[in-house]
$ cat run.txt   # compact mmCIF, C-alpha atoms
# COMPACT_ATOMS: atom_id res chain seq x y z
CA MET A 1 18.63 -10.83 -23.46
CA ALA A 2 22.35 -11.24 -22.80
CA THR A 3 23.73 -11.67 -19.28
CA VAL A 4 25.06 -8.44 -17.78
CA HIS A 5 26.99 -7.55 -14.65
CA LEU A 6 24.99 -5.13 -12.56
CA ARG A 7 25.03 -3.54 -9.13
CA ILE A 8 22.63 -1.61 -6.89
CA GLY A 9 21.66 1.69 -8.48
CA ASP A 10 22.17 0.67 -12.12
CA LEU A 11 19.47 1.58 -14.62
CA VAL A 12 18.25 -1.30 -16.75
CA TRP A 13 15.72 -2.63 -19.18
CA GLY A 14 13.97 -5.58 -17.58
CA LYS A 15 11.71 -8.23 -19.08
CA LEU A 16 8.92 -9.16 -16.63
CA GLY A 17 6.93 -12.21 -17.69
CA ARG A 18 4.90 -11.63 -20.81
CA TYR A 19 5.36 -7.86 -20.76
CA PRO A 20 7.76 -5.95 -23.06
CA PRO A 21 11.13 -4.70 -21.71
CA TRP A 22 10.57 -1.81 -19.30
CA PRO A 23 12.94 0.76 -17.75
CA GLY A 24 13.87 0.13 -14.14
CA LYS A 25 16.54 0.42 -11.48
CA VAL A 26 18.38 -2.29 -9.56
CA VAL A 27 17.58 -1.76 -5.87
CA SER A 28 18.01 -3.55 -2.58
CA PRO A 29 15.10 -5.95 -1.91
CA PRO A 30 13.00 -5.69 1.27
CA LYS A 31 14.52 -7.60 4.18
CA ASP A 32 11.70 -10.16 4.23
CA LEU A 33 11.83 -10.88 0.49
CA LYS A 34 14.18 -13.78 -0.16
CA LYS A 35 16.03 -14.27 -3.43
CA PRO A 36 14.68 -17.19 -5.50
CA ARG A 37 16.76 -20.31 -5.05
CA GLY A 38 19.01 -21.43 -7.88
CA LYS A 39 18.48 -18.28 -9.92
CA LYS A 40 20.99 -15.55 -10.65
CA CYS A 41 18.86 -12.43 -10.59
CA HIS A 42 18.56 -8.81 -9.44
CA PHE A 43 15.71 -7.01 -7.67
CA VAL A 44 14.36 -4.29 -9.97
CA LYS A 45 11.96 -1.40 -9.31
CA PHE A 46 10.30 -0.32 -12.56
CA PHE A 47 9.72 3.33 -13.47
CA GLY A 48 6.22 4.72 -13.98
CA THR A 49 4.58 1.80 -12.16
CA GLU A 50 4.40 0.21 -8.73
CA ASP A 51 5.93 -2.97 -10.14
CA HIS A 52 9.07 -4.56 -8.72
CA ALA A 53 10.37 -8.09 -9.01
CA TRP A 54 13.32 -10.44 -9.02
CA ILE A 55 14.47 -10.52 -12.65
CA LYS A 56 16.85 -13.12 -14.07
CA VAL A 57 20.11 -11.61 -15.29
CA GLU A 58 19.49 -12.91 -18.81
CA GLN A 59 16.31 -10.82 -18.86
CA LEU A 60 18.18 -7.56 -18.15
CA LYS A 61 19.99 -5.04 -20.35
CA PRO A 62 21.81 -1.86 -19.30
CA TYR A 63 19.68 1.22 -19.89
CA HIS A 64 21.83 3.61 -21.92
CA PRO A 65 23.25 1.29 -24.64
CA HIS A 66 19.79 -0.05 -25.47
CA LYS A 67 17.67 3.06 -25.02
CA GLU A 68 17.15 3.89 -28.70
CA GLU A 69 16.46 0.26 -29.56
CA MET A 70 13.79 -0.06 -26.89
CA ILE A 71 12.10 3.23 -27.76
CA LYS A 72 11.77 2.08 -31.38
CA ILE A 73 10.11 -1.23 -30.56
CA ASN A 74 7.91 -0.11 -27.66
CA LYS A 75 5.08 2.38 -28.00
CA GLY A 76 2.27 3.62 -25.81
CA LYS A 77 1.60 6.43 -23.38
CA ARG A 78 2.57 4.49 -20.24
CA PHE A 79 5.86 3.40 -21.76
CA GLN A 80 6.72 6.97 -22.77
CA GLN A 81 5.83 8.19 -19.28
CA ALA A 82 8.18 5.59 -17.81
CA VAL A 83 11.02 6.72 -20.11
CA ASP A 84 10.32 10.35 -19.21
CA ALA A 85 10.53 9.39 -15.51
CA VAL A 86 13.99 7.90 -16.11
CA GLU A 87 15.16 11.03 -17.91
CA ASP A 88 13.85 13.24 -15.08
CA PHE A 89 15.66 10.98 -12.63
CA LEU A 90 18.92 11.39 -14.54
CA LYS A 91 18.60 15.17 -14.79
CA LYS A 92 17.98 15.53 -11.08
CA LYS A 93 20.78 13.11 -10.32
CA GLU A 94 23.19 15.21 -12.39
CA LYS A 95 21.92 18.41 -10.76
CA GLN A 96 22.54 16.97 -7.31
CA GLY A 97 26.10 15.97 -8.06
CA GLY A 98 25.38 12.30 -8.65
CA LYS A 99 23.60 11.63 -5.37
CA GLU A 100 21.17 8.71 -5.48
CA GLN A 101 17.53 9.64 -5.69
CA VAL A 102 15.22 7.13 -4.13
CA ARG A 103 11.75 8.51 -3.56
CA TYR A 104 9.10 10.51 -5.36
CA LYS A 105 7.41 13.09 -3.18
CA ARG A 106 6.37 16.64 -4.12
CA LEU A 107 3.14 18.11 -2.84
CA LYS A 108 0.71 19.77 -5.16
CA ILE A 109 -2.76 21.02 -4.37
CA VAL A 110 -5.59 20.06 -6.65
CA GLU A 111 -8.98 21.69 -6.19
CA GLU A 112 -11.59 19.01 -6.92
CA ASP A 113 -14.84 20.77 -6.05
CA THR A 114 -16.31 23.14 -3.50
CA ARG A 115 -16.53 20.44 -0.85
CA SER A 116 -13.10 18.87 -0.81
CA THR A 117 -9.49 19.41 -1.70
CA SER A 118 -6.86 16.77 -2.36
CA ILE A 119 -3.20 17.14 -1.66
CA GLN A 120 -1.43 14.69 -3.85
CA ALA A 121 2.18 13.52 -3.73
CA ALA A 122 3.13 13.87 -7.37
CA ASP A 123 6.19 12.38 -9.03
CA SER A 124 9.18 14.23 -7.65
CA THR A 125 12.22 13.30 -5.70
CA ALA A 126 13.70 13.41 -2.23
CA ILE A 127 17.46 13.11 -2.41
CA ASN A 128 19.09 10.20 -0.56
CA GLY A 129 15.65 9.39 0.82
CA SER A 130 16.12 12.54 2.88
CA ILE A 131 12.59 13.51 3.68
CA THR A 132 13.04 16.09 6.41
CA PRO A 133 11.33 14.38 9.35
CA THR A 134 9.09 16.38 11.61
CA ASP A 135 10.55 17.27 14.99
CA LYS A 136 7.32 16.11 16.59
CA ARG A 137 7.36 12.88 18.57
CA ILE A 138 5.45 10.15 16.76
CA GLY A 139 3.52 7.29 18.35
CA PHE A 140 2.22 4.22 16.54
CA LEU A 141 -0.31 1.69 17.81
CA GLY A 142 -0.76 -1.61 15.95
CA LEU A 143 2.00 -3.54 14.17
CA GLY A 144 0.01 -5.78 11.84
CA LEU A 145 0.53 -6.31 8.11
CA MET A 146 0.12 -2.62 7.31
CA GLY A 147 1.38 -1.01 10.51
CA SER A 148 4.71 -2.84 10.44
CA GLY A 149 5.64 -1.47 7.03
CA ILE A 150 4.51 2.03 7.98
CA VAL A 151 6.61 2.11 11.16
CA SER A 152 9.65 0.73 9.36
CA ASN A 153 9.47 3.54 6.79
CA LEU A 154 8.93 6.20 9.45
CA LEU A 155 12.09 5.03 11.18
CA LYS A 156 14.08 4.84 7.95
CA MET A 157 13.24 8.46 7.22
CA GLY A 158 14.47 9.62 10.61
CA HIS A 159 11.27 10.03 12.63
CA VAL A 160 11.33 9.51 16.39
CA VAL A 161 8.74 6.76 16.93
CA THR A 162 7.29 5.13 20.04
CA VAL A 163 5.44 1.86 19.36
CA TRP A 164 2.87 -0.30 21.11
CA ASN A 165 1.25 -3.55 20.08
CA ARG A 166 -1.13 -5.88 21.87
CA THR A 167 1.41 -8.68 21.31
CA VAL A 168 4.49 -6.98 22.67
CA GLU A 169 6.92 -9.36 20.93
CA LYS A 170 6.07 -7.68 17.62
CA CYS A 171 7.72 -4.52 18.94
CA ASP A 172 11.14 -6.13 19.33
CA LEU A 173 12.28 -5.71 15.72
CA PHE A 174 11.38 -2.02 15.73
CA ILE A 175 13.10 -1.43 19.06
CA GLN A 176 16.24 -2.84 17.41
CA GLU A 177 15.74 -0.36 14.56
CA GLY A 178 15.58 2.57 16.98
CA ALA A 179 11.95 2.79 18.07
CA ARG A 180 10.96 3.35 21.68
CA LEU A 181 8.51 1.11 23.52
CA GLY A 182 5.26 2.29 25.10
CA ARG A 183 3.70 0.07 27.75
CA THR A 184 0.10 1.11 27.01
CA PRO A 185 -1.76 3.16 24.38
CA ALA A 186 -2.31 5.88 27.01
CA GLU A 187 1.42 6.05 27.72
CA VAL A 188 2.26 6.34 24.02
CA VAL A 189 -0.21 9.18 23.54
CA SER A 190 1.04 11.01 26.62
CA MET A 191 4.66 10.71 25.41
CA CYS A 192 4.01 11.76 21.81
CA ASP A 193 2.73 14.77 19.87
CA ILE A 194 1.07 12.75 17.08
CA THR A 195 -0.14 9.19 17.60
CA PHE A 196 -1.21 6.96 14.69
CA SER A 197 -3.20 3.76 15.04
CA CYS A 198 -3.83 0.98 12.55
CA VAL A 199 -5.92 -1.95 13.78
CA SER A 200 -8.22 -4.56 12.31
CA ASP A 201 -11.83 -3.39 12.65
CA PRO A 202 -14.27 -0.96 14.32
CA LYS A 203 -14.34 -2.86 17.62
CA ALA A 204 -10.55 -2.90 17.87
CA ALA A 205 -10.43 0.82 17.03
CA ARG A 206 -13.00 1.65 19.73
CA ASP A 207 -11.34 -0.57 22.34
CA LEU A 208 -7.98 1.05 21.67
CA VAL A 209 -9.39 4.50 22.37
CA LEU A 210 -12.02 3.80 25.03
CA GLY A 211 -10.66 0.71 26.79
CA PRO A 212 -8.52 0.42 29.93
CA SER A 213 -5.26 2.41 29.62
CA GLY A 214 -6.59 3.48 26.24
CA VAL A 215 -5.81 6.43 24.01
CA LEU A 216 -8.42 8.67 25.61
CA GLN A 217 -6.64 8.52 28.97
CA GLY A 218 -3.52 10.01 27.40
CA ILE A 219 -5.21 12.76 25.39
CA ARG A 220 -4.51 16.31 26.51
CA PRO A 221 -5.23 19.62 24.74
CA GLY A 222 -3.19 19.81 21.55
CA LYS A 223 -2.43 16.08 21.31
CA CYS A 224 -3.03 14.68 17.81
CA TYR A 225 -4.64 11.33 17.08
CA VAL A 226 -4.64 9.84 13.57
CA GLU A 227 -6.90 6.82 12.95
CA MET A 228 -5.57 4.80 9.98
CA SER A 229 -7.83 1.76 10.40
CA THR A 230 -10.47 1.01 7.77
CA VAL A 231 -13.72 1.40 9.71
CA ASP A 232 -17.23 2.74 9.17
CA PRO A 233 -18.07 6.48 9.21
CA GLU A 234 -20.07 6.12 12.43
CA THR A 235 -17.07 4.74 14.32
CA ILE A 236 -14.84 7.50 12.96
CA THR A 237 -17.34 10.17 14.00
CA GLU A 238 -17.57 8.71 17.51
CA LEU A 239 -13.79 8.60 17.90
CA SER A 240 -13.42 12.14 16.58
CA GLN A 241 -15.96 13.41 19.09
CA VAL A 242 -14.39 11.75 22.14
CA ILE A 243 -10.87 12.86 21.19
CA SER A 244 -12.05 16.42 20.58
CA SER A 245 -13.96 16.44 23.89
CA ARG A 246 -10.58 16.19 25.66
CA GLY A 247 -9.04 18.98 23.61
CA GLY A 248 -7.33 16.59 21.21
CA ARG A 249 -7.00 17.09 17.45
CA PHE A 250 -8.32 14.31 15.21
CA LEU A 251 -7.58 13.09 11.70
CA GLU A 252 -8.75 9.95 9.95
CA ALA A 253 -6.28 8.57 7.43
CA PRO A 254 -7.09 5.06 6.19
CA VAL A 255 -4.69 3.69 3.59
CA ALA A 256 -5.17 1.90 0.28
CA GLY A 257 -2.62 -0.79 -0.38
CA SER A 258 -1.28 -4.09 0.90
CA GLN A 259 1.55 -5.41 3.04
CA GLN A 260 3.91 -5.28 0.08
CA VAL A 261 2.91 -1.73 -0.82
CA SER A 262 3.19 -0.70 2.84
CA ASN A 263 6.71 -2.13 3.05
CA GLU A 264 7.69 -0.12 -0.01
CA GLY A 265 6.31 3.14 1.37
CA MET A 266 3.93 3.45 -1.57
CA LEU A 267 0.53 3.56 0.15
CA VAL A 268 -2.28 5.88 -0.91
CA ILE A 269 -3.50 7.85 2.11
CA LEU A 270 -7.05 9.19 2.37
CA ALA A 271 -7.35 11.84 5.08
CA ALA A 272 -10.19 13.87 6.53
CA GLY A 273 -10.81 15.92 9.65
CA ASP A 274 -8.47 18.52 11.14
CA ARG A 275 -6.55 20.06 8.24
CA THR A 276 -3.77 21.35 10.51
CA VAL A 277 -3.10 17.79 11.73
CA TYR A 278 -2.89 16.69 8.10
CA GLU A 279 -0.27 19.35 7.47
CA ASP A 280 1.63 18.39 10.62
CA CYS A 281 1.73 14.80 9.33
CA SER A 282 3.28 15.79 6.00
CA SER A 283 6.70 14.15 6.49
CA CYS A 284 5.06 11.04 7.95
CA PHE A 285 2.75 10.66 4.98
CA GLN A 286 5.67 11.19 2.61
CA ALA A 287 7.60 8.42 4.38
CA MET A 288 4.77 5.89 4.24
CA GLY A 289 2.98 6.72 1.01
CA LYS A 290 3.26 7.89 -2.56
CA THR A 291 0.06 9.94 -2.51
CA SER A 292 -2.19 11.55 0.08
CA PHE A 293 -5.60 13.12 -0.38
CA PHE A 294 -7.39 15.48 2.02
CA LEU A 295 -11.12 14.87 1.63
CA GLY A 296 -12.67 17.39 3.99
CA GLU A 297 -14.81 16.62 7.01
CA VAL A 298 -14.53 13.59 9.28
CA GLY A 299 -16.15 10.49 7.77
CA ASN A 300 -15.35 11.25 4.14
CA ALA A 301 -12.14 9.21 4.15
CA ALA A 302 -13.90 6.23 5.73
CA ARG A 303 -16.62 6.39 3.09
CA MET A 304 -14.15 6.63 0.21
CA MET A 305 -11.98 3.82 1.61
CA LEU A 306 -14.95 1.47 1.94
CA ILE A 307 -16.02 2.20 -1.63
CA LEU A 308 -12.52 1.49 -2.94
CA ASN A 309 -12.25 -1.78 -1.01
CA MET A 310 -15.77 -2.76 -2.05
CA VAL A 311 -14.71 -2.46 -5.70
CA GLN A 312 -11.44 -4.32 -5.10
CA GLY A 313 -13.08 -7.13 -3.15
CA SER A 314 -15.83 -7.59 -5.73
CA PHE A 315 -13.26 -7.58 -8.54
CA MET A 316 -11.13 -10.21 -6.79
CA ALA A 317 -14.15 -12.48 -6.38
CA THR A 318 -15.00 -12.06 -10.07
CA ILE A 319 -11.46 -12.96 -11.11
CA ALA A 320 -11.62 -16.09 -8.95
CA GLU A 321 -14.97 -16.96 -10.51
CA GLY A 322 -13.51 -16.58 -14.00
CA LEU A 323 -10.52 -18.78 -13.22
CA THR A 324 -12.69 -21.57 -11.82
CA LEU A 325 -15.20 -21.31 -14.67
CA ALA A 326 -12.31 -21.65 -17.13
CA GLN A 327 -11.24 -24.82 -15.36
CA ALA A 328 -14.79 -26.19 -15.19
CA THR A 329 -15.28 -25.73 -18.94
CA GLY A 330 -11.99 -27.32 -19.93
CA GLN A 331 -10.10 -24.10 -20.61
CA SER A 332 -6.52 -23.45 -19.56
CA GLN A 333 -6.31 -21.13 -16.57
CA HIS A 334 -2.82 -20.07 -17.67
CA THR A 335 -4.10 -19.15 -21.11
CA PHE A 336 -6.98 -17.24 -19.50
CA LEU A 337 -4.43 -15.21 -17.54
CA ASP A 338 -2.27 -14.66 -20.63
CA ILE A 339 -5.26 -13.31 -22.54
CA LEU A 340 -6.41 -11.19 -19.60
CA SER A 341 -2.96 -9.64 -19.21
CA GLN A 342 -2.98 -8.46 -22.82
CA GLY A 343 -6.35 -6.70 -22.59
CA GLN A 344 -7.76 -3.59 -20.99
CA MET A 345 -8.02 -5.21 -17.55
CA ALA A 346 -4.29 -5.93 -17.37
CA SER A 347 -2.78 -4.75 -14.10
CA THR A 348 -0.18 -5.67 -11.51
CA PHE A 349 -3.01 -6.59 -9.12
CA VAL A 350 -4.58 -9.07 -11.56
CA ASP A 351 -1.26 -10.58 -12.54
CA GLN A 352 0.03 -11.06 -8.99
CA LYS A 353 -3.22 -12.40 -7.56
CA CYS A 354 -3.78 -14.82 -10.44
CA GLN A 355 -0.19 -16.06 -10.34
CA ASN A 356 -0.51 -16.66 -6.61
CA ILE A 357 -3.76 -18.56 -7.11
CA LEU A 358 -2.23 -20.77 -9.81
CA GLN A 359 0.77 -21.45 -7.56
CA GLY A 360 -1.46 -22.17 -4.55
CA ASN A 361 0.25 -19.35 -2.66
CA PHE A 362 -2.19 -17.63 -0.32
CA LYS A 363 0.29 -15.99 2.06
CA PRO A 364 -1.58 -12.89 3.29
CA ASP A 365 -0.82 -9.58 1.63
CA TYR A 366 -4.30 -8.34 2.59
CA TYR A 367 -6.29 -10.64 4.86
CA LEU A 368 -9.41 -12.23 3.43
CA LYS A 369 -11.26 -11.56 6.70
CA HIS A 370 -10.49 -7.85 6.38
CA ILE A 371 -11.74 -7.48 2.80
CA GLN A 372 -14.92 -9.30 3.84
CA LYS A 373 -15.28 -6.88 6.76
CA ASP A 374 -14.89 -3.96 4.33
CA LEU A 375 -17.53 -5.40 2.00
CA ARG A 376 -19.91 -5.81 4.94
CA LEU A 377 -19.35 -2.21 6.05
CA ALA A 378 -19.77 -0.90 2.50
CA ILE A 379 -23.08 -2.76 2.13
CA SER A 380 -24.26 -1.28 5.42
CA MET A 381 -23.22 2.17 4.22
CA GLY A 382 -25.28 1.59 1.08
CA ASP A 383 -28.28 0.65 3.20
CA THR A 384 -27.91 3.87 5.20
CA ALA A 385 -27.82 5.88 1.97
CA ASN A 386 -30.69 3.82 0.50
CA HIS A 387 -28.37 2.87 -2.37
CA PRO A 388 -28.33 -0.66 -3.85
CA THR A 389 -25.11 -2.70 -3.64
CA PRO A 390 -26.09 -6.06 -5.20
CA MET A 391 -22.66 -6.81 -6.66
CA ALA A 392 -20.94 -6.24 -3.34
CA ALA A 393 -23.61 -8.31 -1.58
CA ALA A 394 -23.01 -11.24 -3.93
CA ALA A 395 -19.23 -10.99 -3.47
CA ASN A 396 -19.68 -10.79 0.30
CA GLU A 397 -21.48 -14.14 0.31
CA VAL A 398 -18.58 -15.76 -1.52
CA TYR A 399 -16.08 -14.38 1.01
CA LYS A 400 -18.29 -15.63 3.85
CA ARG A 401 -18.15 -19.07 2.24
CA ALA A 402 -14.33 -18.80 2.08
CA LYS A 403 -14.24 -17.85 5.77
CA ALA A 404 -16.31 -20.93 6.58
CA LEU A 405 -13.56 -22.92 4.81
CA ASP A 406 -10.96 -21.51 7.26
CA GLN A 407 -9.51 -19.00 4.79
CA SER A 408 -9.88 -15.93 7.04
CA ASP A 409 -6.16 -15.55 7.74
CA ASN A 410 -5.10 -16.20 4.15
CA ASP A 411 -4.81 -13.59 1.43
CA MET A 412 -7.99 -12.20 -0.11
CA SER A 413 -7.19 -14.21 -3.26
CA ALA A 414 -8.07 -17.35 -1.25
CA VAL A 415 -11.68 -16.50 -2.12
CA TYR A 416 -10.82 -18.78 -5.06
CA ARG A 417 -11.20 -21.74 -2.72
CA ALA A 418 -14.84 -20.90 -2.13
CA TYR A 419 -15.49 -21.93 -5.73
CA ILE A 420 -13.65 -25.27 -5.65
CA HIS A 421 -15.04 -26.74 -2.41

$ encode --input "run.txt" --output "structure tokens"
Amino acid sequence: MATVHLRIGDLVWGKLGRYPPWPGKVVSPPKDLKKPRGKKCHFVKFFGTEDHAWIKVEQLKPYHPHKEEMIKINKGKRFQQAVDAVEDFLKKKEKQGGKEQVRYKRLKIVEEDTRSTSIQAADSTAINGSITPTDKRIGFLGLGLMGSGIVSNLLKMGHVVTVWNRTVEKCDLFIQEGARLGRTPAEVVSMCDITFSCVSDPKAARDLVLGPSGVLQGIRPGKCYVEMSTVDPETITELSQVISSRGGRFLEAPVAGSQQVSNEGMLVILAAGDRTVYEDCSSCFQAMGKTSFFLGEVGNAARMMLILNMVQGSFMATIAEGLTLAQATGQSQHTFLDILSQGQMASTFVDQKCQNILQGNFKPDYYLKHIQKDLRLAISMGDTANHPTPMAAAANEVYKRAKALDQSDNDMSAVYRAYIH
């Protein structure tokens, strides 16, 4: 592709690795994502996918002059959906007098069955990122990999946010961005109408609520508490009961995604509990995620989240096993990835994790210790339901081996190292 001169907001065709040219938009990169050294490139967000990447200028073409050419050489349902998304973007941009459109957020209700309803953020657009923020005061407890991205997006979309973190230094950046500081969880809850929390595991979630100067001490009738941590259904039920006993309103809302997805405001939110709290959180969920589902009674979101992470963790271990088996039998790991990316299992997840493994880059996007915790909780949930989980159990043992090799604080893809030591 010929070199082109581009600027933020331009629509392009971008060539990403081994994939065909795809429609995208030049956007500003996240603050913590540095431009590759020695390369002239632009940061591109691709339509119809969650993909985004630094793309070399020689791999970019302007959208309009090459549209017909690209449509002729590229086929497939996903490609056509991506082109349709661009055309919808352009129509709405024209309708709004040329204002930039930066997010996709329209609520639709989908009846799934008699037990649960999902509210899904479908592809639509908020102009100038102008989600109308709730006038309710928002609190947020826990500024880890996921929480940091969530709070940043809440602030960007105009929410009034008070933050607390066990390590107070992590609050400094958000104070600079306009957040307020709470000295304790109890103080945050007492100051705010809706308080979210996102911590590492069931013990941390319980301690935050029940411990000294904890959430429970700040709960008053009408106060809302939203637990976003991935924990077991029993912990969620306990927390719901103690919050409700003080007149509080409770919602569980664990999120599917990673640090990168959290930073982009593209999480998938699984909610259950008090439906009115879910509705009150609408602008918050739009700021932090691309989709939210309401799954009914308390515990359902925890169960669904553990199942999803069980599948993801088991899949990651299998990919690592395949890569190491390829190496052990004299096959090229790069060729294995090339073949995999052209088949039915091709995905951004597979491509990114495998590339990181081959580069020896295990910077955490989702901690290995957390995916192992989720596998352990999912296996326990299976035991409670008298349902076999042999695949998850096998994967769990591999992650435990990786933890014994000091990989806990690396990315989940570091499970690869369990096979080579």

$ closest_residue --input "run.txt" --among "A:Ile219, A:Leu60, A:Leu181, A:Ala85" --to "Gly247 of chain A" --atoms "all atoms listed in the file"
A:Ile219

$ residues_around --input "run.txt" --residues "Lys75 of chain A" --least-positions-apart "6" --cutoff "12 Å" --atoms "all atoms listed in the file" --output "PDB file with C-alpha atoms, in the coordinates of the input"
ATOM      1  CA  PRO A  20       7.760  -5.950 -23.060  1.00  0.00           C
ATOM      2  CA  PRO A  21      11.130  -4.700 -21.710  1.00  0.00           C
ATOM      3  CA  TRP A  22      10.570  -1.810 -19.300  1.00  0.00           C
ATOM      4  CA  GLU A  69      16.460   0.260 -29.560  1.00  0.00           C
ATOM      5  CA  GLN A  81       5.830   8.190 -19.280  1.00  0.00           C
ATOM      6  CA  ALA A  82       8.180   5.590 -17.810  1.00  0.00           C
ATOM      7  CA  VAL A  83      11.020   6.720 -20.110  1.00  0.00           C
TER       8      VAL A  83
END

$ closest_residue --input "run.txt" --among "A:Val209, A:Leu33, A:Ala271, A:Leu154" --to "Ala253 of chain A" --atoms "all atoms listed in the file"
A:Ala271

$ residues_around --input "run.txt" --residues "Gly360 of chain A" --least-positions-apart "6" --cutoff "12 Å" --atoms "only C-alpha atoms" --output "JSON, numbers by chain"
{"A": [353, 354, 410, 411, 413, 414, 415, 416, 417]}

$ write_last_selection --input "run.txt" --atoms "C-alpha atoms" --output "CSV table (one decimal), in the coordinates of the input"
chain,number,residue,atom,x,y,z
A,353,LYS,CA,-3.2,-12.4,-7.6
A,354,CYS,CA,-3.8,-14.8,-10.4
A,410,ASN,CA,-5.1,-16.2,4.2
A,411,ASP,CA,-4.8,-13.6,1.4
A,413,SER,CA,-7.2,-14.2,-3.3
A,414,ALA,CA,-8.1,-17.4,-1.2
A,415,VAL,CA,-11.7,-16.5,-2.1
A,416,TYR,CA,-10.8,-18.8,-5.1
A,417,ARG,CA,-11.2,-21.7,-2.7

$ atom_distance --input "run.txt" --atom1 "atom CA of Val12 of chain A" --atom2 "atom CA of Ser347 of chain A"
21.5 Å

$ closest_residue --input "run.txt" --among "A:His42, A:Lys61, A:Arg137, A:Lys170" --to "Phe196 of chain A" --atoms "only C-alpha atoms"
A:Arg137

$ closest_residue --input "run.txt" --among "A:Asp351, A:Glu87, A:Asp193, A:Asp232" --to "Val277 of chain A" --atoms "all atoms listed in the file"
A:Asp193

$ residues_near_point --input "run.txt" --point "(-19.2, -4.1, 3.4)" --cutoff "8 Å" --atoms "only C-alpha atoms" --output "ChimeraX atom specification"
/A:306,310,372-381,392-393,396

$ write_last_selection --input "run.txt" --atoms "C-alpha atoms" --output "short mmCIF file (atom, residue, chain, number, x, y, z; two decimals), in the frame of the given file"
data_model
loop_
_atom_site.label_atom_id
_atom_site.label_comp_id
_atom_site.auth_asym_id
_atom_site.auth_seq_id
_atom_site.Cartn_x
_atom_site.Cartn_y
_atom_site.Cartn_z
CA LEU A 306 -14.95 1.47 1.94
CA MET A 310 -15.77 -2.76 -2.05
CA GLN A 372 -14.92 -9.30 3.84
CA LYS A 373 -15.28 -6.88 6.76
CA ASP A 374 -14.89 -3.96 4.33
CA LEU A 375 -17.53 -5.40 2.00
CA ARG A 376 -19.91 -5.81 4.94
CA LEU A 377 -19.35 -2.21 6.05
CA ALA A 378 -19.77 -0.90 2.50
CA ILE A 379 -23.08 -2.76 2.13
CA SER A 380 -24.26 -1.28 5.42
CA MET A 381 -23.22 2.17 4.22
CA ALA A 392 -20.94 -6.24 -3.34
CA ALA A 393 -23.61 -8.31 -1.58
CA ASN A 396 -19.68 -10.79 0.30
#

$ atom_distance --input "run.txt" --atom1 "atom CA of Met412 of chain A" --atom2 "atom CA of Met391 of chain A"
16.9 Å

$ residues_around --input "run.txt" --residues "Leu210 of chain A" --least-positions-apart "6" --cutoff "10 Å" --atoms "only C-alpha atoms" --output "list in words"
Ala204, Leu216, Gln217, Leu239, Val242 and Ile243 of chain A

$ residues_around --input "run.txt" --residues "segment 227-229 of chain A" --least-positions-apart "4" --cutoff "7 Å" --atoms "all atoms listed in the file" --output "PyMOL selection string"
chain A and resi 196-201+251-255
